[in-house]
Amino acid sequence: MPELPEVETTVRAISGFENSILEKIVIHNRSLRWEVDKDLEKLTANKRIYKISRRAKYIIIKLDVYSLMLHLGMSGKLRIQNKKDNYFKKHDHVEFVFKDKKIIFNDVRRFGSLHITKNINDHPLISNLGIEPLSRSFNKDYLHALTLDSKLNIKKLLMDQKKVVGVGNIYASESLFLASINPLRPAKKISLSECDDIIKAIKKVLKQAIKMGGTTLKDFYSADGSEGYFKLELNVYGLEDKPCKKCKRKIKRIVLGQRSTFFCENCQV
DNA sequence: CTGAGATCCTGTCTGC
DNA sequence: TGCAGACAGGATCTCA
């Protein structure tokens with residue numbers, strides 16, 4: 001489900017819990033993408049939260065010695081709830097309990113994960129990640145070097161988290177539309193100036209999506225319960241057979257690497 | 001090393 | 001209405 005803007009939106013929604021004391025973590029179902037560490041509850045009881053941040057699509061919660069890494073997978077979301085409202089929803093797996101409130105991790109499909117580790121950057125799921133798309137070092141030269149080295153088509157390359165993080169299926173399609181690049185193009189054949197177009201498009205799309213609270217297609221809600229309104233800005237994603245906003249021809253849907261991919265054959269070369 | 005395809009899981013929607 | 005099949009915001013793993 002969530003790509004960088006949705007994760008960022010979620011992080012911002014729970015940032016108010018920084019400096020709060022996490023009384024305890026209650027786990028109802030350890031069987032997520034990976035089995036949750038048996039010692040996690042013990043290691044996190046009555047710890048202050050120093051920092052809540054994002055790396056790639058991971059939510060990082062820094063305690064004293066340990067940090068938590070939470071990935072929302074395809075269907076995960078957080079929900080802030082008053083502690084006294086003691087209700088549960090189906091697929092509530094983890095509760096982060098504070099003095100008056102709790103944050104609940106709900107994940108229908110259980111592709112999400114929760115890890116505890118001392119040093120985030122040494123964790124194997126983090127250490128091999130590519131660079132942040134909104135950082136300065138994500139620029140045309142960086143991307144061009146990657147493309148020259150790759151046999152993938154450009155869309156698959158952009159979604160490869162080892163190369164650049166945070167771009168998922170929606171924003172890959174949307175960025176390539178803005179950059180007027182066909183998603184099927186072999187990465188190798190993308191010129192430096194086209195790389196520049198792609199970089200600018202990705203940054204623009206991600207920033208705008210964050211501003212609008214992410215994209216709610218059907219069931220993404222931020223932790224405060226609000227929807228993301230970037231859906232209204234989508235140009236191609238989920239719009240098969242609808243008229244292209246530039247040329248009015250029909251948007252095409254194809255499958256690349258088992259993922260739906262939307263683009264305009266006329267505008268994207 | 002790279003890249004393609006299968007796979008994890010539950011729910012919803014479409015078409016017969 | 002039932003039922004099969006496709007599809008869903010991700011990313012790891014297995015194998016060539």
# chains A, B, ... in the order shown; residues from 1 in each chain; ligands from 1

call {"tool": "closest_atom_pairs", "arguments": {"of": "chain A", "to": "chain B", "cutoff": "10 Å", "atoms": "only C-alpha atoms (C1' of nucleotides)", "output": "CSV"}}
result
residue,atom,partner,partner_atom,distance
A:Leu32,CA,B:DC9,C1',9.4
A:Arg33,CA,B:DC8,C1',7.4
A:Ser75,CA,B:DT10,C1',9.6
A:His91,CA,B:DT10,C1',9.6
A:Asp107,CA,B:DT10,C1',9.5
A:Val108,CA,B:DT10,C1',5.9
A:Arg109,CA,B:DC9,C1',4.5
A:Arg110,CA,B:DC9,C1',6.0
A:Phe111,CA,B:DC9,C1',7.2
A:Ser150,CA,B:DT2,C1',8.7
A:Lys151,CA,B:DG3,C1',8.0
A:Leu152,CA,B:DG3,C1',7.8
A:Gly257,CA,B:DA4,C1',7.9
A:Gln258,CA,B:DG5,C1',8.7

call {"tool": "write_last_selection", "arguments": {"atoms": "all heavy atoms", "output": "short mmCIF file (atom, residue, chain, number, x, y, z; two decimals), in the first residue's frame"}}
result
data_model
loop_
_atom_site.label_atom_id
_atom_site.label_comp_id
_atom_site.auth_asym_id
_atom_site.auth_seq_id
_atom_site.Cartn_x
_atom_site.Cartn_y
_atom_site.Cartn_z
N LEU A 32 3.90 -11.64 11.18
CA LEU A 32 3.84 -10.65 10.11
C LEU A 32 4.74 -11.16 8.98
O LEU A 32 4.95 -12.36 8.86
CB LEU A 32 4.29 -9.28 10.62
CG LEU A 32 3.43 -8.74 11.79
CD1 LEU A 32 3.98 -7.44 12.32
CD2 LEU A 32 2.00 -8.55 11.33
N ARG A 33 5.25 -10.25 8.19
CA ARG A 33 6.16 -10.67 7.11
C ARG A 33 7.28 -11.55 7.68
O ARG A 33 7.69 -12.54 7.11
CB ARG A 33 6.74 -9.43 6.43
CG ARG A 33 7.80 -9.70 5.41
CD ARG A 33 7.16 -10.32 4.19
NE ARG A 33 8.10 -11.05 3.37
CZ ARG A 33 8.70 -10.57 2.30
NH1 ARG A 33 8.46 -9.35 1.91
NH2 ARG A 33 9.53 -11.29 1.60
N SER A 75 -0.59 -3.34 3.03
CA SER A 75 -1.90 -2.97 3.58
C SER A 75 -1.82 -2.45 5.00
O SER A 75 -2.84 -2.28 5.66
CB SER A 75 -2.84 -4.19 3.55
OG SER A 75 -2.24 -5.28 4.24
N HIS A 91 -7.53 -7.64 12.32
CA HIS A 91 -6.16 -7.44 11.84
C HIS A 91 -5.39 -6.36 12.59
O HIS A 91 -4.42 -5.82 12.07
CB HIS A 91 -6.13 -7.17 10.33
CG HIS A 91 -6.89 -8.17 9.53
ND1 HIS A 91 -6.55 -9.50 9.50
CD2 HIS A 91 -8.00 -8.05 8.77
CE1 HIS A 91 -7.42 -10.15 8.73
NE2 HIS A 91 -8.31 -9.30 8.29
N ASP A 107 -2.85 -4.50 9.89
CA ASP A 107 -2.31 -4.92 8.59
C ASP A 107 -3.03 -6.17 8.08
O ASP A 107 -2.75 -7.28 8.53
CB ASP A 107 -0.80 -5.19 8.73
CG ASP A 107 -0.17 -5.52 7.39
OD1 ASP A 107 -0.86 -5.44 6.35
OD2 ASP A 107 1.03 -5.85 7.38
N VAL A 108 -3.96 -5.96 7.18
CA VAL A 108 -4.76 -7.08 6.67
C VAL A 108 -3.90 -8.18 6.07
O VAL A 108 -4.04 -9.35 6.39
CB VAL A 108 -5.74 -6.57 5.58
CG1 VAL A 108 -6.51 -7.73 4.99
CG2 VAL A 108 -6.71 -5.55 6.17
N ARG A 109 -3.02 -7.80 5.20
CA ARG A 109 -2.32 -8.84 4.42
C ARG A 109 -1.04 -9.34 5.08
O ARG A 109 -0.43 -10.28 4.60
CB ARG A 109 -2.03 -8.30 3.01
CG ARG A 109 -3.31 -8.09 2.23
CD ARG A 109 -3.06 -7.46 0.88
NE ARG A 109 -2.39 -8.36 -0.04
CZ ARG A 109 -2.00 -8.02 -1.26
NH1 ARG A 109 -2.20 -6.79 -1.69
NH2 ARG A 109 -1.42 -8.88 -2.04
N ARG A 110 -0.64 -8.67 6.14
CA ARG A 110 0.54 -9.11 6.91
C ARG A 110 1.83 -9.15 6.09
O ARG A 110 2.66 -10.03 6.28
CB ARG A 110 0.27 -10.46 7.59
CG ARG A 110 -0.64 -10.30 8.80
CD ARG A 110 -0.70 -11.57 9.62
NE ARG A 110 -1.67 -12.49 9.11
CZ ARG A 110 -1.44 -13.79 8.89
NH1 ARG A 110 -0.25 -14.31 9.12
NH2 ARG A 110 -2.40 -14.55 8.44
N PHE A 111 1.96 -8.22 5.15
CA PHE A 111 3.24 -8.07 4.46
C PHE A 111 4.11 -7.05 5.19
O PHE A 111 5.24 -6.80 4.83
CB PHE A 111 3.04 -7.59 3.03
CG PHE A 111 2.39 -8.60 2.13
CD1 PHE A 111 1.86 -8.23 0.91
CD2 PHE A 111 2.32 -9.94 2.50
CE1 PHE A 111 1.27 -9.15 0.07
CE2 PHE A 111 1.73 -10.88 1.66
CZ PHE A 111 1.20 -10.49 0.45
N SER A 150 22.33 -0.86 -16.12
CA SER A 150 21.16 -1.71 -15.86
C SER A 150 20.57 -2.31 -17.12
O SER A 150 20.59 -1.70 -18.18
CB SER A 150 20.10 -0.87 -15.14
OG SER A 150 18.91 -1.60 -15.03
N LYS A 151 20.02 -3.52 -16.95
CA LYS A 151 19.30 -4.14 -18.06
C LYS A 151 17.80 -4.02 -17.89
O LYS A 151 17.02 -4.55 -18.69
CB LYS A 151 19.69 -5.63 -18.15
CG LYS A 151 21.09 -5.83 -18.68
CD LYS A 151 21.48 -7.30 -18.61
CE LYS A 151 22.96 -7.46 -18.93
NZ LYS A 151 23.53 -8.66 -18.31
N LEU A 152 17.38 -3.38 -16.83
CA LEU A 152 15.95 -3.25 -16.54
C LEU A 152 15.31 -2.17 -17.41
O LEU A 152 16.00 -1.29 -17.94
CB LEU A 152 15.74 -2.87 -15.08
CG LEU A 152 16.26 -3.82 -14.01
CD1 LEU A 152 16.14 -3.17 -12.63
CD2 LEU A 152 15.51 -5.14 -14.05
N GLY A 257 6.64 -6.70 -14.61
CA GLY A 257 7.10 -7.30 -13.36
C GLY A 257 5.94 -7.57 -12.43
O GLY A 257 6.02 -7.31 -11.25
N GLN A 258 4.85 -8.05 -12.97
CA GLN A 258 3.64 -8.42 -12.23
C GLN A 258 2.93 -7.23 -11.58
O GLN A 258 2.13 -7.41 -10.67
CB GLN A 258 3.96 -9.48 -11.16
CG GLN A 258 4.54 -10.75 -11.75
CD GLN A 258 5.45 -11.47 -10.78
OE1 GLN A 258 6.66 -11.32 -10.85
NE2 GLN A 258 4.88 -12.23 -9.88
#

call {"tool": "interface_residues", "arguments": {"of": "chain A", "to": "chain C", "cutoff": "9 Å", "atoms": "only C-alpha atoms (C1' of nucleotides)", "output": "list of chain:residue names"}}
result
A:Met1, A:Pro2, A:Glu3, A:Glu6, A:Leu72, A:Gly73, A:Met74, A:Ser75, A:Phe111, A:Gly112, A:Gln161, A:Gly168, A:Asn169, A:Ile170, A:Thr215, A:Thr216, A:Leu217, A:Phe220

call {"tool": "write_last_selection", "arguments": {"atoms": "all heavy atoms", "output": "short mmCIF file (atom, residue, chain, number, x, y, z; two decimals), in the first residue's frame"}}
result
data_model
loop_
_atom_site.label_atom_id
_atom_site.label_comp_id
_atom_site.auth_asym_id
_atom_site.auth_seq_id
_atom_site.Cartn_x
_atom_site.Cartn_y
_atom_site.Cartn_z
N MET A 1 0.81 -1.20 0.00
CA MET A 1 0.00 0.00 0.00
C MET A 1 0.85 1.26 0.00
O MET A 1 0.85 2.00 -0.93
CB MET A 1 -0.93 -0.02 1.20
CG MET A 1 -1.49 1.32 1.61
SD MET A 1 -2.73 1.18 2.84
CE MET A 1 -1.83 1.27 4.31
N PRO A 2 1.59 1.49 1.03
CA PRO A 2 2.13 2.82 1.21
C PRO A 2 3.49 2.99 0.56
O PRO A 2 4.37 2.16 0.72
CB PRO A 2 2.24 2.95 2.73
CG PRO A 2 1.90 1.61 3.28
CD PRO A 2 1.91 0.64 2.19
N GLU A 3 3.61 4.07 -0.14
CA GLU A 3 4.90 4.45 -0.70
C GLU A 3 5.44 5.60 0.15
O GLU A 3 4.86 5.93 1.18
CB GLU A 3 4.73 4.85 -2.18
CG GLU A 3 4.07 3.72 -2.98
CD GLU A 3 3.87 4.05 -4.45
OE1 GLU A 3 4.73 4.72 -5.03
OE2 GLU A 3 2.85 3.63 -5.01
N GLU A 6 3.02 8.21 1.71
CA GLU A 6 2.09 7.69 2.72
C GLU A 6 2.84 7.39 4.02
O GLU A 6 2.31 7.64 5.11
CB GLU A 6 1.40 6.43 2.21
CG GLU A 6 0.41 6.67 1.06
CD GLU A 6 1.09 6.95 -0.26
OE1 GLU A 6 2.12 6.33 -0.53
OE2 GLU A 6 0.60 7.82 -1.02
N LEU A 72 5.11 -0.91 6.62
CA LEU A 72 3.66 -1.05 6.50
C LEU A 72 3.27 -2.07 5.42
O LEU A 72 2.09 -2.41 5.29
CB LEU A 72 3.02 0.29 6.18
CG LEU A 72 3.24 1.40 7.24
CD1 LEU A 72 2.60 2.70 6.79
CD2 LEU A 72 2.71 0.98 8.60
N GLY A 73 4.27 -2.54 4.67
CA GLY A 73 3.96 -3.53 3.63
C GLY A 73 2.93 -2.99 2.66
O GLY A 73 2.98 -1.84 2.25
N MET A 74 2.02 -3.83 2.28
CA MET A 74 1.04 -3.48 1.25
C MET A 74 -0.23 -2.89 1.86
O MET A 74 -0.89 -2.05 1.27
CB MET A 74 0.69 -4.76 0.49
CG MET A 74 0.15 -4.56 -0.88
SD MET A 74 1.41 -4.23 -2.07
CE MET A 74 0.76 -5.15 -3.45
N SER A 75 -0.59 -3.34 3.03
CA SER A 75 -1.90 -2.97 3.58
C SER A 75 -1.82 -2.45 5.00
O SER A 75 -2.84 -2.28 5.66
CB SER A 75 -2.84 -4.19 3.55
OG SER A 75 -2.24 -5.28 4.24
N PHE A 111 1.96 -8.22 5.15
CA PHE A 111 3.24 -8.07 4.46
C PHE A 111 4.11 -7.05 5.19
O PHE A 111 5.24 -6.80 4.83
CB PHE A 111 3.04 -7.59 3.03
CG PHE A 111 2.39 -8.60 2.13
CD1 PHE A 111 1.86 -8.23 0.91
CD2 PHE A 111 2.32 -9.94 2.50
CE1 PHE A 111 1.27 -9.15 0.07
CE2 PHE A 111 1.73 -10.88 1.66
CZ PHE A 111 1.20 -10.49 0.45
N GLY A 112 3.55 -6.43 6.20
CA GLY A 112 4.31 -5.47 7.01
C GLY A 112 5.22 -6.19 7.98
O GLY A 112 5.18 -7.42 8.10
N GLN A 161 14.43 -0.75 -4.79
CA GLN A 161 14.78 -0.03 -3.55
C GLN A 161 16.28 -0.05 -3.24
O GLN A 161 16.75 0.68 -2.38
CB GLN A 161 14.00 -0.61 -2.36
CG GLN A 161 12.50 -0.62 -2.57
CD GLN A 161 11.87 0.76 -2.65
OE1 GLN A 161 12.03 1.58 -1.75
NE2 GLN A 161 11.17 1.05 -3.74
N GLY A 168 7.18 3.65 -5.33
CA GLY A 168 6.45 2.41 -5.53
C GLY A 168 5.65 2.46 -6.81
O GLY A 168 5.94 3.25 -7.72
N ASN A 169 4.65 1.63 -6.88
CA ASN A 169 3.95 1.42 -8.14
C ASN A 169 3.16 2.64 -8.62
O ASN A 169 3.10 2.90 -9.82
CB ASN A 169 3.02 0.21 -8.00
CG ASN A 169 2.76 -0.44 -9.33
OD1 ASN A 169 3.61 -0.42 -10.22
ND2 ASN A 169 1.58 -0.98 -9.51
N ILE A 170 2.57 3.37 -7.71
CA ILE A 170 1.81 4.55 -8.13
C ILE A 170 2.74 5.64 -8.63
O ILE A 170 2.59 6.16 -9.75
CB ILE A 170 0.99 5.16 -6.96
CG1 ILE A 170 -0.07 4.19 -6.47
CG2 ILE A 170 0.36 6.49 -7.36
CD1 ILE A 170 -0.90 4.73 -5.32
N THR A 215 -1.75 9.25 -0.99
CA THR A 215 -2.81 8.82 -1.91
C THR A 215 -3.69 7.79 -1.22
O THR A 215 -3.21 6.74 -0.80
CB THR A 215 -2.20 8.19 -3.17
OG1 THR A 215 -1.36 9.14 -3.82
CG2 THR A 215 -3.29 7.75 -4.14
N THR A 216 -4.96 8.08 -1.10
CA THR A 216 -5.91 7.08 -0.62
C THR A 216 -6.64 6.52 -1.82
O THR A 216 -7.45 7.21 -2.43
CB THR A 216 -6.93 7.69 0.36
OG1 THR A 216 -6.24 8.18 1.51
CG2 THR A 216 -7.94 6.64 0.80
N LEU A 217 -6.30 5.28 -2.20
CA LEU A 217 -7.03 4.66 -3.30
C LEU A 217 -8.31 4.06 -2.75
O LEU A 217 -9.39 4.29 -3.23
CB LEU A 217 -6.18 3.57 -3.95
CG LEU A 217 -5.00 4.07 -4.75
CD1 LEU A 217 -4.25 2.91 -5.35
CD2 LEU A 217 -5.46 5.01 -5.85
N PHE A 220 -6.11 3.63 2.45
CA PHE A 220 -5.03 4.26 3.20
C PHE A 220 -5.57 5.42 4.03
O PHE A 220 -6.24 6.32 3.51
CB PHE A 220 -3.91 4.78 2.30
CG PHE A 220 -2.92 5.64 3.06
CD1 PHE A 220 -2.01 5.04 3.93
CD2 PHE A 220 -2.95 7.01 2.97
CE1 PHE A 220 -1.14 5.83 4.67
CE2 PHE A 220 -2.07 7.80 3.71
CZ PHE A 220 -1.16 7.20 4.56
#

call {"tool": "atom_distance", "arguments": {"atom1": "atom CA of A:Ala45", "atom2": "atom CA of A:Ile27"}}
result
12.5 Å

call {"tool": "closest_residue", "arguments": {"among": "A:Asn106, A:Asn46, A:Ser180, A:Ser193", "to": "A:His28", "atoms": "only C-alpha atoms"}}
result
A:Asn106

call {"tool": "select_by_dssp", "arguments": {"residues": "stretch 78-178 of chain A", "states": "alpha helix (DSSP H)", "output": "mmCIF file with N, CA, C and O atoms, in the first residue's frame"}}
result
data_model
loop_
_atom_site.group_PDB
_atom_site.id
_atom_site.type_symbol
_atom_site.label_atom_id
_atom_site.label_comp_id
_atom_site.auth_asym_id
_atom_site.auth_seq_id
_atom_site.Cartn_x
_atom_site.Cartn_y
_atom_site.Cartn_z
ATOM 1 N N PRO A 124 20.310 -5.527 8.082
ATOM 2 C CA PRO A 124 20.369 -5.954 6.674
ATOM 3 C C PRO A 124 19.240 -5.405 5.804
ATOM 4 O O PRO A 124 19.433 -5.234 4.596
ATOM 5 N N LEU A 125 18.085 -5.130 6.421
ATOM 6 C CA LEU A 125 16.984 -4.601 5.605
ATOM 7 C C LEU A 125 17.178 -3.122 5.282
ATOM 8 O O LEU A 125 16.528 -2.582 4.398
ATOM 9 N N ILE A 126 18.073 -2.481 6.003
ATOM 10 C CA ILE A 126 18.311 -1.051 5.808
ATOM 11 C C ILE A 126 19.633 -0.799 5.084
ATOM 12 O O ILE A 126 19.733 0.085 4.234
ATOM 13 N N SER A 127 20.620 -1.624 5.395
ATOM 14 C CA SER A 127 21.971 -1.295 4.946
ATOM 15 C C SER A 127 22.139 -1.364 3.428
ATOM 16 O O SER A 127 23.028 -0.724 2.886
ATOM 17 N N LYS A 140 20.595 13.937 -11.619
ATOM 18 C CA LYS A 140 20.645 13.311 -12.942
ATOM 19 C C LYS A 140 21.904 12.466 -13.153
ATOM 20 O O LYS A 140 21.850 11.424 -13.805
ATOM 21 N N ASP A 141 23.006 12.888 -12.585
ATOM 22 C CA ASP A 141 24.237 12.119 -12.768
ATOM 23 C C ASP A 141 24.163 10.778 -12.051
ATOM 24 O O ASP A 141 24.593 9.753 -12.578
ATOM 25 N N TYR A 142 23.605 10.823 -10.852
ATOM 26 C CA TYR A 142 23.432 9.577 -10.091
ATOM 27 C C TYR A 142 22.545 8.610 -10.863
ATOM 28 O O TYR A 142 22.876 7.445 -11.054
ATOM 29 N N LEU A 143 21.403 9.113 -11.330
ATOM 30 C CA LEU A 143 20.457 8.245 -12.039
ATOM 31 C C LEU A 143 21.048 7.749 -13.353
ATOM 32 O O LEU A 143 20.900 6.585 -13.716
ATOM 33 N N HIS A 144 21.738 8.630 -14.035
ATOM 34 C CA HIS A 144 22.303 8.245 -15.324
ATOM 35 C C HIS A 144 23.322 7.121 -15.160
ATOM 36 O O HIS A 144 23.338 6.162 -15.941
ATOM 37 N N ALA A 145 24.128 7.212 -14.115
ATOM 38 C CA ALA A 145 25.104 6.148 -13.845
ATOM 39 C C ALA A 145 24.379 4.824 -13.604
ATOM 40 O O ALA A 145 24.814 3.773 -14.072
ATOM 41 N N LEU A 146 23.265 4.881 -12.895
ATOM 42 C CA LEU A 146 22.499 3.655 -12.642
ATOM 43 C C LEU A 146 21.923 3.077 -13.918
ATOM 44 O O LEU A 146 21.949 1.865 -14.146
ATOM 45 N N THR A 147 21.381 3.949 -14.745
ATOM 46 C CA THR A 147 20.714 3.468 -15.955
ATOM 47 C C THR A 147 21.710 2.790 -16.892
ATOM 48 O O THR A 147 21.403 1.752 -17.479
ATOM 49 N N LEU A 148 22.889 3.364 -17.002
ATOM 50 C CA LEU A 148 23.895 2.806 -17.914
ATOM 51 C C LEU A 148 24.304 1.403 -17.491
ATOM 52 O O LEU A 148 24.734 0.589 -18.302
ATOM 53 N N ILE A 154 12.985 1.206 -17.427
ATOM 54 C CA ILE A 154 13.127 2.343 -16.510
ATOM 55 C C ILE A 154 12.166 2.260 -15.326
ATOM 56 O O ILE A 154 12.509 2.626 -14.206
ATOM 57 N N LYS A 155 10.973 1.722 -15.552
ATOM 58 C CA LYS A 155 10.023 1.681 -14.437
ATOM 59 C C LYS A 155 10.483 0.717 -13.346
ATOM 60 O O LYS A 155 10.424 1.025 -12.159
ATOM 61 N N LYS A 156 10.958 -0.439 -13.760
ATOM 62 C CA LYS A 156 11.461 -1.400 -12.771
ATOM 63 C C LYS A 156 12.663 -0.839 -12.036
ATOM 64 O O LYS A 156 12.822 -1.036 -10.834
ATOM 65 N N LEU A 157 13.491 -0.140 -12.756
ATOM 66 C CA LEU A 157 14.668 0.443 -12.110
ATOM 67 C C LEU A 157 14.256 1.442 -11.018
ATOM 68 O O LEU A 157 14.794 1.438 -9.917
ATOM 69 N N LEU A 158 13.275 2.262 -11.339
ATOM 70 C CA LEU A 158 12.861 3.281 -10.367
ATOM 71 C C LEU A 158 12.246 2.662 -9.116
ATOM 72 O O LEU A 158 12.261 3.256 -8.047
ATOM 73 N N MET A 159 11.683 1.458 -9.276
ATOM 74 C CA MET A 159 11.054 0.811 -8.131
ATOM 75 C C MET A 159 12.019 -0.082 -7.355
ATOM 76 O O MET A 159 11.644 -0.659 -6.343
ATOM 77 N N ASN A 169 4.647 1.631 -6.882
ATOM 78 C CA ASN A 169 3.945 1.418 -8.137
ATOM 79 C C ASN A 169 3.158 2.643 -8.620
ATOM 80 O O ASN A 169 3.098 2.900 -9.818
ATOM 81 N N ILE A 170 2.567 3.370 -7.713
ATOM 82 C CA ILE A 170 1.806 4.553 -8.132
ATOM 83 C C ILE A 170 2.739 5.643 -8.635
ATOM 84 O O ILE A 170 2.593 6.157 -9.745
ATOM 85 N N TYR A 171 3.718 5.972 -7.791
ATOM 86 C CA TYR A 171 4.538 7.144 -8.093
ATOM 87 C C TYR A 171 5.527 6.890 -9.225
ATOM 88 O O TYR A 171 5.967 7.838 -9.877
ATOM 89 N N ALA A 172 5.857 5.625 -9.488
ATOM 90 C CA ALA A 172 6.689 5.324 -10.653
ATOM 91 C C ALA A 172 5.916 5.662 -11.934
ATOM 92 O O ALA A 172 6.420 6.355 -12.816
ATOM 93 N N SER A 173 4.673 5.201 -12.006
ATOM 94 C CA SER A 173 3.849 5.518 -13.183
ATOM 95 C C SER A 173 3.632 7.019 -13.320
ATOM 96 O O SER A 173 3.743 7.585 -14.410
ATOM 97 N N GLU A 174 3.325 7.655 -12.218
ATOM 98 C CA GLU A 174 3.025 9.088 -12.263
ATOM 99 C C GLU A 174 4.249 9.913 -12.661
ATOM 100 O O GLU A 174 4.145 10.857 -13.445
ATOM 101 N N SER A 175 5.400 9.561 -12.121
ATOM 102 C CA SER A 175 6.618 10.316 -12.434
ATOM 103 C C SER A 175 6.987 10.173 -13.909
ATOM 104 O O SER A 175 7.372 11.151 -14.555
ATOM 105 N N LEU A 176 6.848 8.959 -14.428
ATOM 106 C CA LEU A 176 7.209 8.750 -15.830
ATOM 107 C C LEU A 176 6.246 9.477 -16.763
ATOM 108 O O LEU A 176 6.636 9.943 -17.835
ATOM 109 N N PHE A 177 5.011 9.600 -16.343
ATOM 110 C CA PHE A 177 4.073 10.396 -17.147
ATOM 111 C C PHE A 177 4.528 11.854 -17.188
ATOM 112 O O PHE A 177 4.596 12.463 -18.257
ATOM 113 N N LEU A 178 4.844 12.389 -16.042
ATOM 114 C CA LEU A 178 5.295 13.798 -15.988
ATOM 115 C C LEU A 178 6.566 14.012 -16.797
ATOM 116 O O LEU A 178 6.757 15.060 -17.404
#

call {"tool": "residues_around", "arguments": {"residues": "A:Leu134", "least_positions_apart": "5", "cutoff": "9 Å", "atoms": "only C-alpha atoms (C1' of nucleotides)", "output": "count of residues only"}}
result
4

call {"tool": "select_by_dssp", "arguments": {"residues": "stretch 79-251 of chain A", "states": "strand (DSSP E)", "output": "PyMOL selection string"}}
result
chain A and resi 79-82+92-97+101-107+113-117

call {"tool": "residues_around", "arguments": {"residues": "A:Lys162", "least_positions_apart": "6", "cutoff": "7 Å", "atoms": "only C-alpha atoms (C1' of nucleotides)", "output": "MDAnalysis selection string"}}
result
chainID A and resid 128:130

call {"tool": "atom_distance", "arguments": {"atom1": "atom CA of A:Ala13", "atom2": "atom CA of A:Leu232"}}
result
21.1 Å

call {"tool": "atom_distance", "arguments": {"atom1": "atom CA of A:Gln81", "atom2": "atom CA of A:Arg12"}}
result
15.9 Å
